[in-house]
$ cat my_file-v9.txt   # compact mmCIF, C-alpha atoms
# COMPACT_ATOMS: atom_id res chain seq x y z
CA MET A 1 244.78 149.14 64.07
CA ALA A 2 247.81 151.33 64.68
CA ALA A 3 248.85 150.77 61.07
CA SER A 4 245.46 151.99 59.84
CA LEU A 5 245.78 155.23 61.80
CA THR A 6 249.39 155.92 60.91
CA PHE A 7 248.60 155.31 57.22
CA LEU A 8 245.58 157.62 57.40
CA LEU A 9 247.54 160.42 59.06
CA GLY A 10 250.81 159.86 57.23
CA ILE A 11 252.82 159.48 60.45
CA ARG A 12 255.21 156.89 61.86
CA TYR A 13 253.77 156.36 65.37
CA PRO A 14 250.11 156.37 66.48
CA ILE A 15 250.70 159.18 68.98
CA ILE A 16 249.04 162.59 68.73
CA GLN A 17 250.02 165.65 70.76
CA ALA A 18 246.76 167.29 71.83
CA PRO A 19 245.98 170.74 70.40
CA MET A 20 246.07 172.78 73.61
CA VAL A 21 245.18 176.43 72.97
CA GLY A 22 247.56 178.65 74.91
CA VAL A 23 250.09 175.83 75.35
CA SER A 24 250.61 174.29 71.91
CA THR A 25 253.05 176.21 69.74
CA PRO A 26 254.35 175.76 66.21
CA GLU A 27 257.64 174.66 67.81
CA LEU A 28 255.92 171.98 69.90
CA ALA A 29 253.80 170.67 67.04
CA ALA A 30 256.77 170.59 64.66
CA ALA A 31 258.98 168.78 67.17
CA VAL A 32 256.34 166.07 67.67
CA SER A 33 255.72 165.69 63.95
CA ASN A 34 259.44 165.57 63.16
CA ALA A 35 259.82 162.82 65.76
CA GLY A 36 257.17 160.64 64.06
CA GLY A 37 253.98 161.57 65.92
CA LEU A 38 251.25 164.01 64.93
CA GLY A 39 251.84 167.49 66.33
CA SER A 40 248.87 169.81 66.77
CA ILE A 41 248.15 173.51 66.98
CA GLY A 42 244.91 174.97 68.29
CA ILE A 43 243.47 177.87 66.31
CA GLY A 44 240.09 178.01 68.05
CA ALA A 45 241.06 181.27 69.74
CA CYS A 46 242.55 182.79 66.57
CA ASP A 47 241.17 185.11 63.97
CA VAL A 48 242.01 184.28 60.36
CA PRO A 49 245.30 186.26 60.15
CA ALA A 50 246.57 184.72 63.40
CA ALA A 51 245.55 181.25 62.23
CA ARG A 52 247.41 181.78 58.97
CA ARG A 53 250.56 182.79 60.88
CA MET A 54 250.38 179.73 63.13
CA ILE A 55 249.91 177.32 60.24
CA GLU A 56 252.66 178.92 58.18
CA GLU A 57 255.06 179.02 61.14
CA THR A 58 254.45 175.33 61.82
CA ARG A 59 254.87 174.45 58.16
CA ALA A 60 258.19 176.31 58.11
CA LEU A 61 259.45 174.06 60.92
CA THR A 62 258.31 170.67 59.62
CA GLY A 63 257.59 168.97 56.34
CA GLN A 64 255.59 166.31 58.18
CA PRO A 65 251.81 166.23 58.74
CA PHE A 66 250.38 168.22 61.61
CA ASN A 67 246.88 168.82 62.97
CA VAL A 68 244.96 172.12 63.06
CA ASN A 69 242.21 172.13 65.70
CA LEU A 70 238.99 174.16 65.53
CA PHE A 71 236.27 174.97 68.09
CA CYS A 72 232.78 174.00 66.92
CA HIS A 73 230.65 175.22 69.82
CA ARG A 74 227.28 176.82 69.33
CA PRO A 75 227.77 180.59 69.06
CA ALA A 76 227.11 182.31 72.37
CA VAL A 77 223.80 184.02 73.12
CA ALA A 78 224.40 187.28 74.94
CA ASP A 79 222.29 187.90 78.05
CA ALA A 80 223.01 191.24 79.72
CA ALA A 81 221.28 190.35 83.00
CA ARG A 82 223.03 187.01 83.29
CA GLU A 83 226.39 188.56 82.49
CA ALA A 84 225.87 191.37 85.01
CA ALA A 85 225.00 188.85 87.72
CA TRP A 86 228.17 186.90 86.94
CA LEU A 87 230.33 190.00 87.13
CA GLN A 88 228.73 190.92 90.43
CA HIS A 89 229.55 187.42 91.70
CA LEU A 90 233.20 188.01 90.74
CA ARG A 91 233.41 191.59 92.06
CA PRO A 92 234.77 190.78 95.55
CA LEU A 93 237.60 188.78 93.96
CA PHE A 94 238.51 191.63 91.61
CA GLU A 95 238.46 194.02 94.57
CA GLU A 96 240.81 191.73 96.50
CA PHE A 97 243.42 192.61 93.88
CA GLY A 98 242.57 196.30 93.69
CA ALA A 99 240.69 195.92 90.42
CA THR A 100 237.13 196.24 89.19
CA PRO A 101 235.27 193.87 86.88
CA PRO A 102 234.98 194.87 83.22
CA ALA A 103 231.95 196.96 82.36
CA ALA A 104 230.81 194.41 79.78
CA LEU A 105 231.78 191.03 78.41
CA ALA A 106 232.40 189.93 74.83
CA GLU A 107 232.22 186.74 72.78
CA ILE A 108 235.99 186.48 72.45
CA TYR A 109 236.16 183.47 70.10
CA THR A 110 234.26 182.91 66.86
CA SER A 111 232.96 179.38 66.46
CA PHE A 112 234.18 177.60 63.34
CA VAL A 113 230.58 176.58 62.58
CA VAL A 114 229.87 180.12 61.36
CA ASP A 115 233.36 181.18 60.26
CA GLU A 116 233.36 180.89 56.48
CA ALA A 117 236.59 182.90 56.26
CA MET A 118 238.38 180.30 58.40
CA LEU A 119 237.06 177.53 56.15
CA ALA A 120 238.38 179.41 53.13
CA LEU A 121 241.79 179.67 54.80
CA LEU A 122 241.90 175.93 55.44
CA LEU A 123 240.88 175.16 51.88
CA GLU A 124 243.63 177.48 50.68
CA LEU A 125 246.43 176.18 52.95
CA ARG A 126 245.25 172.55 53.10
CA PRO A 127 246.83 171.35 56.35
CA ALA A 128 247.27 167.59 56.45
CA VAL A 129 244.79 167.18 59.32
CA ALA A 130 241.95 169.28 60.78
CA SER A 131 240.17 168.33 63.99
CA PHE A 132 236.95 169.51 65.62
CA HIS A 133 236.13 170.06 69.30
CA PHE A 134 232.78 170.79 71.02
CA GLY A 135 230.81 169.48 68.06
CA LEU A 136 230.90 169.45 64.27
CA PRO A 137 230.92 172.06 61.53
CA PRO A 138 228.32 171.88 58.73
CA THR A 139 228.53 168.55 56.90
CA PRO A 140 229.27 170.20 53.52
CA TRP A 141 232.30 171.86 55.13
CA ILE A 142 233.60 168.48 56.27
CA ALA A 143 233.13 167.14 52.75
CA ALA A 144 234.93 170.16 51.27
CA LEU A 145 237.91 169.66 53.56
CA ARG A 146 238.11 165.98 52.73
CA GLU A 147 237.85 166.73 49.00
CA ALA A 148 240.77 169.12 49.47
CA GLY A 149 242.83 166.26 50.88
CA VAL A 150 242.51 167.23 54.55
CA VAL A 151 242.07 164.29 56.95
CA THR A 152 239.44 165.06 59.57
CA LEU A 153 239.18 164.09 63.26
CA ALA A 154 236.46 164.93 65.79
CA CYS A 155 236.11 164.54 69.53
CA ALA A 156 233.41 162.37 71.13
CA THR A 157 232.60 161.96 74.82
CA THR A 158 229.83 159.40 74.29
CA PRO A 159 228.98 156.65 71.79
CA ALA A 160 226.08 158.80 70.56
CA GLU A 161 228.45 161.66 69.70
CA ALA A 162 230.74 159.16 67.99
CA ALA A 163 227.83 157.98 65.85
CA ARG A 164 227.12 161.56 64.80
CA ILE A 165 230.79 162.01 63.89
CA GLU A 166 230.78 158.88 61.74
CA ASP A 167 227.50 159.86 60.06
CA ALA A 168 229.01 163.25 59.19
CA GLY A 169 231.82 161.55 57.27
CA VAL A 170 234.71 162.44 59.60
CA ASP A 171 237.72 160.15 59.12
CA ALA A 172 238.56 159.24 62.75
CA ILE A 173 237.12 159.66 66.24
CA VAL A 174 238.95 161.02 69.28
CA ALA A 175 237.38 159.31 72.31
CA GLN A 176 237.82 161.84 75.12
CA GLY A 177 237.41 160.28 78.54
CA ALA A 178 236.51 162.19 81.69
CA GLU A 179 240.15 161.97 82.83
CA ALA A 180 241.25 164.37 80.08
CA GLY A 181 242.62 167.80 80.87
CA GLY A 182 241.19 170.91 79.28
CA HIS A 183 237.73 171.47 77.91
CA ARG A 184 235.33 168.59 77.69
CA GLY A 185 234.27 168.04 74.10
CA VAL A 186 230.61 167.54 75.02
CA PHE A 187 228.39 168.59 72.12
CA GLU A 188 225.48 169.82 74.28
CA PRO A 189 226.68 170.52 77.84
CA GLU A 190 223.27 171.84 78.90
CA HIS A 191 222.10 168.21 78.75
CA GLY A 192 224.82 167.08 81.15
CA ASP A 193 228.07 165.17 80.83
CA ALA A 194 228.14 161.38 81.03
CA CYS A 195 231.77 161.58 82.28
CA ILE A 196 232.64 158.17 80.82
CA GLY A 197 236.22 157.11 81.57
CA THR A 198 238.71 156.77 78.73
CA LEU A 199 239.08 153.00 78.67
CA ALA A 200 235.34 152.32 78.91
CA LEU A 201 234.64 154.95 76.25
CA VAL A 202 237.20 153.48 73.86
CA ARG A 203 235.67 150.04 74.28
CA LEU A 204 232.13 151.36 73.75
CA ILE A 205 232.97 153.39 70.66
CA ALA A 206 235.38 150.92 69.05
CA GLY A 207 232.74 148.20 69.16
CA GLY A 208 230.28 150.28 67.18
CA THR A 209 232.25 152.10 64.50
CA ARG A 210 234.32 151.41 61.41
CA ARG A 211 236.36 154.52 62.02
CA PRO A 212 239.76 154.45 63.78
CA VAL A 213 239.38 155.44 67.43
CA ILE A 214 241.99 157.60 69.18
CA ALA A 215 242.03 157.36 72.97
CA ALA A 216 242.38 160.61 74.92
CA GLY A 217 242.30 161.30 78.63
CA GLY A 218 244.72 160.50 81.44
CA ILE A 219 247.27 158.84 79.14
CA MET A 220 250.78 159.89 80.15
CA ASP A 221 253.11 157.05 79.15
CA GLY A 222 253.58 154.11 76.84
CA ALA A 223 251.80 151.74 79.20
CA GLY A 224 248.70 153.92 78.94
CA ILE A 225 248.94 153.93 75.16
CA ALA A 226 249.22 150.14 75.16
CA ALA A 227 246.25 149.75 77.51
CA ALA A 228 244.04 151.88 75.28
CA MET A 229 245.11 149.99 72.18
CA ALA A 230 244.45 146.65 73.85
CA LEU A 231 240.82 147.76 74.20
CA GLY A 232 240.41 148.77 70.57
CA ALA A 233 242.05 152.17 70.11
CA ALA A 234 244.16 152.69 67.00
CA GLY A 235 246.27 155.32 68.75
CA ALA A 236 246.38 157.81 71.59
CA GLN A 237 246.24 161.57 72.05
CA LEU A 238 248.25 163.05 74.93
CA GLY A 239 248.08 166.64 76.12
CA THR A 240 249.18 167.08 79.72
CA ALA A 241 252.20 164.88 78.99
CA PHE A 242 253.59 167.66 76.75
CA VAL A 243 252.90 170.71 78.94
CA LEU A 244 256.33 170.57 80.62
CA SER A 245 258.17 170.26 77.31
CA PRO A 246 260.37 173.31 76.72
CA GLU A 247 258.63 173.90 73.38
CA SER A 248 255.25 174.49 75.05
CA ALA A 249 253.99 177.98 75.90
CA ALA A 250 253.16 177.11 79.53
CA ASN A 251 254.36 179.85 81.86
CA GLN A 252 256.54 179.21 84.89
CA ALA A 253 253.66 179.24 87.37
CA TYR A 254 251.89 176.54 85.34
CA ARG A 255 255.08 174.47 85.12
CA ASP A 256 255.72 174.81 88.85
CA ALA A 257 252.16 173.77 89.69
CA LEU A 258 252.33 170.75 87.39
CA SER A 259 255.67 169.72 88.91
CA GLY A 260 254.50 169.92 92.53
CA PRO A 261 251.82 168.52 94.85
CA ARG A 262 248.99 170.41 93.12
CA ALA A 263 249.35 167.99 90.20
CA GLN A 264 247.71 165.34 92.39
CA HIS A 265 244.41 167.23 92.39
CA THR A 266 242.36 168.07 89.31
CA ALA A 267 238.65 168.74 88.88
CA ILE A 268 236.14 169.80 86.27
CA THR A 269 234.58 173.25 86.48
CA SER A 270 232.57 175.52 84.17
CA ALA A 271 233.48 178.60 86.22
CA ILE A 272 236.56 179.52 84.19
CA SER A 273 235.10 179.61 80.69
CA GLY A 274 231.42 178.73 80.78
CA ARG A 275 232.02 175.16 79.58
CA PRO A 276 233.19 172.22 81.70
CA ALA A 277 236.95 171.76 81.69
CA ARG A 278 239.43 169.84 83.87
CA GLY A 279 242.40 171.57 85.44
CA LEU A 280 244.50 171.89 88.54
CA ILE A 281 242.23 172.88 91.42
CA ASN A 282 242.44 176.56 92.34
CA ARG A 283 240.17 179.32 93.60
CA MET A 284 238.11 179.28 90.40
CA HIS A 285 236.99 175.83 91.49
CA SER A 286 236.66 176.48 95.21
CA GLU A 287 235.30 180.05 95.31
CA VAL A 288 233.79 180.85 91.92
CA GLY A 289 232.22 177.60 90.76
CA VAL A 290 230.39 176.91 94.01
CA PRO A 291 226.84 175.83 94.87
CA GLY A 292 224.55 178.82 94.81
CA ALA A 293 226.65 180.77 92.31
CA PRO A 294 224.73 182.42 89.48
CA ARG A 295 224.72 180.59 86.17
CA ALA A 296 227.80 181.48 84.16
CA PRO A 297 227.31 183.24 80.83
CA ASP A 298 227.61 181.24 77.63
CA TYR A 299 231.03 180.08 76.50
CA PRO A 300 233.16 181.97 75.58
CA ILE A 301 231.59 185.09 77.12
CA ALA A 302 232.28 183.74 80.61
CA TYR A 303 235.90 183.18 79.57
CA ASP A 304 236.24 186.93 78.98
CA ALA A 305 235.46 187.46 82.67
CA GLY A 306 237.74 184.62 83.77
CA LYS A 307 240.65 186.00 81.77
CA ALA A 308 240.12 189.48 83.23
CA LEU A 309 240.10 188.11 86.78
CA ASN A 310 243.22 186.08 86.13
CA ALA A 311 244.95 189.16 84.72
CA ALA A 312 244.15 191.12 87.87
CA ALA A 313 245.34 188.29 90.10
CA SER A 314 248.49 187.71 88.03
CA ALA A 315 249.40 191.41 88.29
CA ALA A 316 249.32 190.94 92.07
CA GLY A 317 251.46 187.79 91.91
CA SER A 318 248.73 185.13 92.21
CA ASP A 319 248.13 182.24 89.80
CA GLN A 320 245.06 181.01 91.70
CA PHE A 321 242.65 182.08 88.97
CA ALA A 322 244.62 180.78 85.98
CA ALA A 323 243.40 178.14 83.56
CA GLN A 324 246.00 175.48 84.33
CA TRP A 325 244.42 172.64 82.38
CA ALA A 326 245.58 169.15 83.35
CA GLY A 327 244.30 165.60 83.20
CA GLN A 328 244.06 163.11 86.05
CA GLY A 329 247.50 161.69 85.23
CA ALA A 330 249.12 165.11 85.69
CA ALA A 331 251.51 163.94 88.41
CA LEU A 332 253.16 161.68 85.80
CA ALA A 333 254.22 164.61 83.59
CA ARG A 334 257.87 164.62 82.55
CA ALA A 335 259.91 167.71 81.67
CA LEU A 336 261.39 166.36 78.45
CA PRO A 337 261.89 167.93 75.04
CA ALA A 338 259.02 166.88 72.80
CA ALA A 339 261.12 164.70 70.48
CA GLU A 340 262.71 162.92 73.42
CA LEU A 341 259.31 162.36 74.99
CA ILE A 342 258.03 160.78 71.76
CA ASP A 343 261.03 158.43 71.76
CA VAL A 344 260.36 157.46 75.39
CA LEU A 345 256.64 156.93 74.76
CA VAL A 346 257.33 154.71 71.74
CA ARG A 347 259.86 152.63 73.68
CA GLU A 348 257.47 152.21 76.64
CA TRP A 349 254.58 151.32 74.34
CA GLN A 350 256.60 148.73 72.46
CA GLN A 351 257.92 147.24 75.70
CA ALA A 352 254.32 146.83 76.87
CA GLY A 353 253.89 144.27 74.11
CA VAL A 354 251.04 145.74 72.09
CA PRO A 355 252.03 145.94 68.39

$ encode --input "my_file-v9.txt" --output "structure tokens"
Amino acid sequence: MAASLTFLLGIRYPIIQAPMVGVSTPELAAAVSNAGGLGSIGIGACDVPAARRMIEETRALTGQPFNVNLFCHRPAVADAAREAAWLQHLRPLFEEFGATPPAALAEIYTSFVVDEAMLALLLELRPAVASFHFGLPPTPWIAALREAGVVTLACATTPAEAARIEDAGVDAIVAQGAEAGGHRGVFEPEHGDACIGTLALVRLIAGGTRRPVIAAGGIMDGAGIAAAMALGAAGAQLGTAFVLSPESAANQAYRDALSGPRAQHTAITSAISGRPARGLINRMHSEVGVPGAPRAPDYPIAYDAGKALNAAASAAGSDQFAAQWAGQGAALARALPAAELIDVLVREWQQAGVP
């Protein structure tokens, strides 16, 4: 199974560095790819010129395949009353830091599902791999990317989502368990989140698809990679494991939190961005996303408010409103250069006895 994935992706080892927006950098992705894994950059928060720069910067650092990740959420529906209620909910926290909430909120990210200019960029630059999160782009777009020689991946949190991915013609499925850090890839969060664990999800999806399955969620070492592969995964995607690498863009507060006792405690909240995401527990979890709070605006409109609150708190020296995404294995993170971490992961995986 590992051989099928490595052949598909054109890499040496079946290990993918997760495309963490705000943390992944061209330097991190290139280091992973140069070491034999699949490095990733996240362009879901980029406009077309910024995406072009990221892809070209990564390509300048590696001649190996790397992954370009896109957000495929439903475009937000603005609701002035709902947004005003959310800002009013946040007002006391802004005032704590001598700030006021923004007068209005914006849809700060454009979904790939309506971004024809981003599709044109990908068809022009033809990255080796493109991956989709939060759903799928139009099926003809997937076909166009594949015809251009781009291998496609998509994230599933349930067997039903995996079936939709396979039906759409995507090349491989990332099975994202509830342990994963960052945003849940749930296609339709308004219908709830099954929160299936990584190992169970891998087993459920692998038994019903012909596509290679990539395990994601809570995997921090070679033993975790081996466990996932023993249950049918063709490889593994790790995100939190790379946050402490010097090539990542994580700031010092994030690194300190991930290196200390807070790494023992993660939880999922929609309060930060408007979509469920797992991170280190802070005041966004305990004071914003609480029972009785008004319903957050649509993603990513709510994220505009969360970023503004974090900026006010950060200016006053607090990181308690930051998006410090982390999976349930966060306490196992190692502060190693990305290439060295790949070497360690491969050695641990091979020692675990799963070919």

$ closest_residue --input "my_file-v9.txt" --among "A:Arg74, A:Arg255, A:Arg278, A:His133" --to "Val23 of chain A" --atoms "only C-alpha atoms"
A:Arg255

$ closest_residue --input "my_file-v9.txt" --among "A:Ile41, A:Ile219, A:Ala50, A:Val114" --to "Leu345 of chain A" --atoms "only C-alpha atoms"
A:Ile219

$ closest_residue --input "my_file-v9.txt" --among "A:Ala267, A:Pro246, A:Pro297, A:Ile11" --to "Ala84 of chain A" --atoms "all atoms listed in the file"
A:Pro297

$ atom_distance --input "my_file-v9.txt" --atom1 "atom CA of Arg283 of chain A" --atom2 "atom CA of Gln320 of chain A"
5.5 Å

$ closest_residue --input "my_file-v9.txt" --among "A:Ala103, A:Ile214, A:Ala130, A:Ala45" --to "Val68 of chain A" --atoms "only C-alpha atoms"
A:Ala130

$ axis_aligned_box --input "my_file-v9.txt" --around "segment 299-312 of chain A" --padding-each-side "3 Å" --output "AutoDock Vina command-line options"
--center_x 238.0 --center_y 185.6 --center_z 81.7 --size_x 19.9 --size_y 17.0 --size_z 18.3

$ residues_around --input "my_file-v9.txt" --residues "Arg91 of chain A" --least-positions-apart "4" --cutoff "7 Å" --atoms "only C-alpha atoms" --output "PyMOL selection string"
chain A and resi 87+95+100-101

$ closest_residue --input "my_file-v9.txt" --among "A:Ala323, A:Ala308, A:Cys72, A:Ile55" --to "Pro127 of chain A" --atoms "only C-alpha atoms"
A:Ile55

$ closest_residue --input "my_file-v9.txt" --among "A:Gly44, A:Pro102, A:Gly149, A:Pro65" --to "Ala305 of chain A" --atoms "only C-alpha atoms"
A:Pro102

$ atom_distance --input "my_file-v9.txt" --atom1 "atom CA of Pro337 of chain A" --atom2 "atom CA of Ser245 of chain A"
4.9 Å

$ atom_distance --input "my_file-v9.txt" --atom1 "atom CA of Val288 of chain A" --atom2 "atom CA of Thr240 of chain A"
24.0 Å

$ residues_near_point --input "my_file-v9.txt" --point "(244.0, 170.4, 70.4)" --cutoff "10 Å" --atoms "all atoms listed in the file" --output "list of chain:residue names"
A:Ile16, A:Gln17, A:Ala18, A:Pro19, A:Met20, A:Val21, A:Val23, A:Ser24, A:Gly39, A:Ser40, A:Ile41, A:Gly42, A:Ile43, A:Gly44, A:Asn67, A:Val68, A:Asn69, A:Leu70, A:Phe71, A:Ala130, A:Ser131, A:Phe132, A:His133, A:Cys155, A:Gly182, A:His183, A:Gln237, A:Leu238, A:Gly239

$ residues_around --input "my_file-v9.txt" --residues "Met229 of chain A" --least-positions-apart "2" --cutoff "12 Å" --atoms "all atoms listed in the file" --output "PyMOL selection string"
chain A and resi 1-3+5+14-15+198-199+202-203+206+212-216+219+222-227+231-237+349-350+352-355

$ residues_around --input "my_file-v9.txt" --residues "Ala178 of chain A" --least-positions-apart "5" --cutoff "12 Å" --atoms "only C-alpha atoms" --output "MDAnalysis selection string"
chainID A and resid 156:158 183:186 193:202 215:219 266:268 276:279 326:329

$ residues_around --input "my_file-v9.txt" --residues "Glu116 of chain A" --least-positions-apart "6" --cutoff "12 Å" --atoms "all atoms listed in the file" --output "short mmCIF file (atom, residue, chain, number, x, y, z; two decimals) with C-alpha atoms, in the frame of the given file"
data_model
loop_
_atom_site.label_atom_id
_atom_site.label_comp_id
_atom_site.auth_asym_id
_atom_site.auth_seq_id
_atom_site.Cartn_x
_atom_site.Cartn_y
_atom_site.Cartn_z
CA ASP A 47 241.17 185.11 63.97
CA VAL A 48 242.01 184.28 60.36
CA THR A 110 234.26 182.91 66.86
CA LEU A 122 241.90 175.93 55.44
CA LEU A 123 240.88 175.16 51.88
CA PRO A 137 230.92 172.06 61.53
CA PRO A 138 228.32 171.88 58.73
CA PRO A 140 229.27 170.20 53.52
CA TRP A 141 232.30 171.86 55.13
#
